[in-house]
Amino acid sequence: MLMQETTKRVEQLIRDLSRFNETPEKGITRRFLTSIDQEAKHYLIQHAQEQGLTVKEDAIGNIFCTLPGSNPDLPAVWTGSHVDAPLHGGMFDGVVGVVGALEALRLIREQDIARERNIIAVIFASEEPTRFGVGCLGSRALIGQLSETMLDDLVDQDGISLRQALIQQGRNPGAAVNSPADPKHIHKFVELHIEQGIVLEKLEKQIGIVTAIAAPADIRLQLYGVQGHAGATPMNLRKDAFAALGEISMALERLARQWNCVGTIGSVEVDPGTSNVIPGLVTCSIDIRGVETESFHSMLEKLHQEITNICSGRGIQFNWTLLSKDDPVQTDTKIVQSIESQCRTLGLSYHHMPSGAYHDSMIMAAISQVGMIFVPSRDGISHDHREWTNFEAIASGISVLTQTLIQLSQK
Ligand code: GLV
Ligand code: MN
Ligand code: MN
Ligand code: MN
């Protein structure tokens, strides 16, 4: 009965949130600090307040919803995720962890389950790199990794800096870089998330228990060739910036296979971008991930080397900007054991696995022990409008999360 109510409530909330959308015809887009993103968060704040939680928001826009324990001086248990969405994504990425956190707190409060520590549901300000090129800006602010320089260097496609975007929303950028969380106040952090891959579905397992999170690097690459006439310039006399990128993209694929990493060029801007002009400038993103620190670092080094060689062979100048680079993270053994024992008690099948996607947990690991619970993604599809997870499967994930939070909230 409880499970059915949870399933219904969660479906409603997820569908409600999906209406805050910049691109209704093409999947879900909710970019950080747009009015749509702010409206979705406002909706969640109201929802949390109606649920009797105390709600606070910090300068960058992380939202903290607290369910008090009997001993509020103890470090709190944190749970949560994000509600910003990539370009044309789905309605579950991040949202499941936020809606799941709020539902878990509701179940604990309604059943008046004893707990010593406060439990805090956090809605991170922004996890996707969609607008400013760097992911997890909310959690980075919390660990003190957001700098004044980043406020000006991170700019969106319209040239608006993170600082300007914060000011436009009436926020104080100075406070955003200066209000990290105190690690002494955090006991453990647990995040519920969709898997975004196909492993659980293939193995027919209901729950993924995350053992490690792959490290990502985000690079902005600019290639400077020579703009010219597409008809009048012979092939041997060109410096075509896009042709150089073609070669770089093949090198990226080869190196990623060789170093057990993944590499993606997901955004390319060609200047001037018209059919009869040789591209003079190409700007692209490069996203690289790896679970093993050494091979991840070697991959980055080798790629830089290859780009240097390719460009010098073609007489092209390049500019490589490393926007962010994180380290792989191991999850906490105690949290892993707790999740596993809740799965057994609840009769849910489970599988231990690494996360290829990154999450706010990866950043929070700098100041807290972290753990993650995955629920299956249909056909393994994510960051796409076809992203889907059954609401019953989400409710199962929420049961595991709820029991894990209860256990961690005892001293
Ligand atoms: C976050 O969405 C990621 O790209 O892993
Ligand atoms: Mn995502
Ligand atoms: Mn996510
Ligand atoms: Mn993500």
# chains A, B, ... in the order shown; residues from 1 in each chain; ligands from 1
>>> residues_near_ligand(ligand="ligand 3", cutoff="9 Å", atoms="only C-alpha atoms and all ligand atoms", output="number ranges by chain")
A: 81-85, 92-97, 127-128, 193-194, 196, 357-360
>>> write_last_selection(atoms="N, CA and C atoms", output="CSV table (one decimal), in the first residue's frame")
chain,number,residue,atom,x,y,z
A,81,SER,N,20.1,15.4,-5.2
A,81,SER,CA,20.6,15.4,-6.6
A,81,SER,C,20.3,16.7,-7.2
A,82,HIS,N,20.1,16.7,-8.5
A,82,HIS,CA,19.9,18.0,-9.2
A,82,HIS,C,18.6,18.0,-10.1
A,83,VAL,N,18.1,19.1,-10.5
A,83,VAL,CA,17.0,19.2,-11.4
A,83,VAL,C,17.3,20.0,-12.7
A,84,ASP,N,18.5,20.5,-12.8
A,84,ASP,CA,18.8,21.1,-14.1
A,84,ASP,C,18.9,20.0,-15.1
A,85,ALA,N,18.7,20.2,-16.4
A,85,ALA,CA,18.7,19.1,-17.4
A,85,ALA,C,19.6,19.6,-18.6
A,92,PHE,N,14.1,12.2,-16.0
A,92,PHE,CA,14.5,11.4,-14.8
A,92,PHE,C,15.9,11.8,-14.3
A,93,ASP,N,16.8,12.1,-15.1
A,93,ASP,CA,18.2,12.4,-14.7
A,93,ASP,C,18.2,13.4,-13.6
A,94,GLY,N,18.7,13.1,-12.4
A,94,GLY,CA,18.8,14.1,-11.3
A,94,GLY,C,17.5,14.2,-10.6
A,95,VAL,N,16.4,14.4,-11.4
A,95,VAL,CA,15.1,14.6,-10.8
A,95,VAL,C,14.7,13.4,-9.8
A,96,VAL,N,15.0,12.2,-10.2
A,96,VAL,CA,14.7,11.0,-9.4
A,96,VAL,C,15.4,11.1,-8.0
A,97,GLY,N,16.6,11.6,-8.0
A,97,GLY,CA,17.3,11.7,-6.7
A,97,GLY,C,16.7,12.8,-5.8
A,127,GLU,N,24.1,20.6,-11.9
A,127,GLU,CA,25.0,19.4,-12.1
A,127,GLU,C,25.4,19.3,-13.6
A,128,GLU,N,24.6,19.7,-14.5
A,128,GLU,CA,24.9,19.5,-15.9
A,128,GLU,C,25.8,20.7,-16.4
A,193,HIS,N,19.9,7.7,-8.2
A,193,HIS,CA,20.0,8.3,-9.5
A,193,HIS,C,19.6,7.1,-10.5
A,194,ILE,N,19.1,7.5,-11.7
A,194,ILE,CA,19.0,6.5,-12.7
A,194,ILE,C,20.3,6.1,-13.2
A,196,GLN,N,21.5,5.4,-16.2
A,196,GLN,CA,21.9,6.1,-17.5
A,196,GLN,C,22.7,5.1,-18.4
A,357,ALA,N,28.9,7.9,-15.6
A,357,ALA,CA,28.4,9.3,-15.6
A,357,ALA,C,28.9,9.9,-14.3
A,358,TYR,N,29.1,11.2,-14.3
A,358,TYR,CA,29.4,11.9,-13.0
A,358,TYR,C,28.2,12.4,-12.3
A,359,HIS,N,28.3,12.7,-11.1
A,359,HIS,CA,27.2,13.1,-10.2
A,359,HIS,C,27.7,14.1,-9.2
A,360,ASP,N,26.8,14.8,-8.5
A,360,ASP,CA,27.3,15.6,-7.4
A,360,ASP,C,28.0,14.8,-6.3
>>> select_by_dssp(residues="region 333-406 of chain A", states="strand (DSSP E or B)", output="list in words")
Tyr350, His351, His352, Met353, Pro354, Ser355, Gln369, Val370, Gly371, Met372, Ile373, Phe374 and Val375 of chain A
>>> residues_around(residues="region 147-157 of chain A", least_positions_apart="4", cutoff="6 Å", atoms="only C-alpha atoms", output="VMD selection string")
chain A and resid 131 to 132 161 to 163 177
>>> closest_residue(among="A:Arg289, A:Arg171, A:His297, A:Arg314", to="ligand 1", atoms="only C-alpha atoms and all ligand atoms")
A:Arg289
>>> residues_around(residues="region 376-380 of chain A", least_positions_apart="5", cutoff="8 Å", atoms="only C-alpha atoms", output="PyMOL selection string")
chain A and resi 194-201+205-208+387-389+393
>>> write_last_selection(atoms="C-alpha atoms", output="PDB file, in the first residue's frame")
ATOM      1  CA  ILE A 194      18.951   6.520 -12.739  1.00  0.00           C
ATOM      2  CA  GLU A 195      21.754   4.322 -14.078  1.00  0.00           C
ATOM      3  CA  GLN A 196      21.883   6.055 -17.507  1.00  0.00           C
ATOM      4  CA  GLY A 197      23.427   2.857 -18.950  1.00  0.00           C
ATOM      5  CA  ILE A 198      22.231  -0.643 -19.843  1.00  0.00           C
ATOM      6  CA  VAL A 199      24.018  -2.840 -17.282  1.00  0.00           C
ATOM      7  CA  LEU A 200      21.145  -3.345 -14.801  1.00  0.00           C
ATOM      8  CA  GLU A 201      18.606  -4.040 -17.524  1.00  0.00           C
ATOM      9  CA  LYS A 205      18.818  -6.428 -11.518  1.00  0.00           C
ATOM     10  CA  GLN A 206      16.601  -3.933  -9.723  1.00  0.00           C
ATOM     11  CA  ILE A 207      19.221  -1.892  -7.876  1.00  0.00           C
ATOM     12  CA  GLY A 208      22.767  -0.782  -8.718  1.00  0.00           C
ATOM     13  CA  GLU A 387      15.103   8.388 -21.193  1.00  0.00           C
ATOM     14  CA  TRP A 388      12.718   6.251 -19.116  1.00  0.00           C
ATOM     15  CA  THR A 389      12.570   4.410 -15.791  1.00  0.00           C
ATOM     16  CA  ALA A 393      11.369   0.789 -10.128  1.00  0.00           C
TER      17      ALA A 393
END
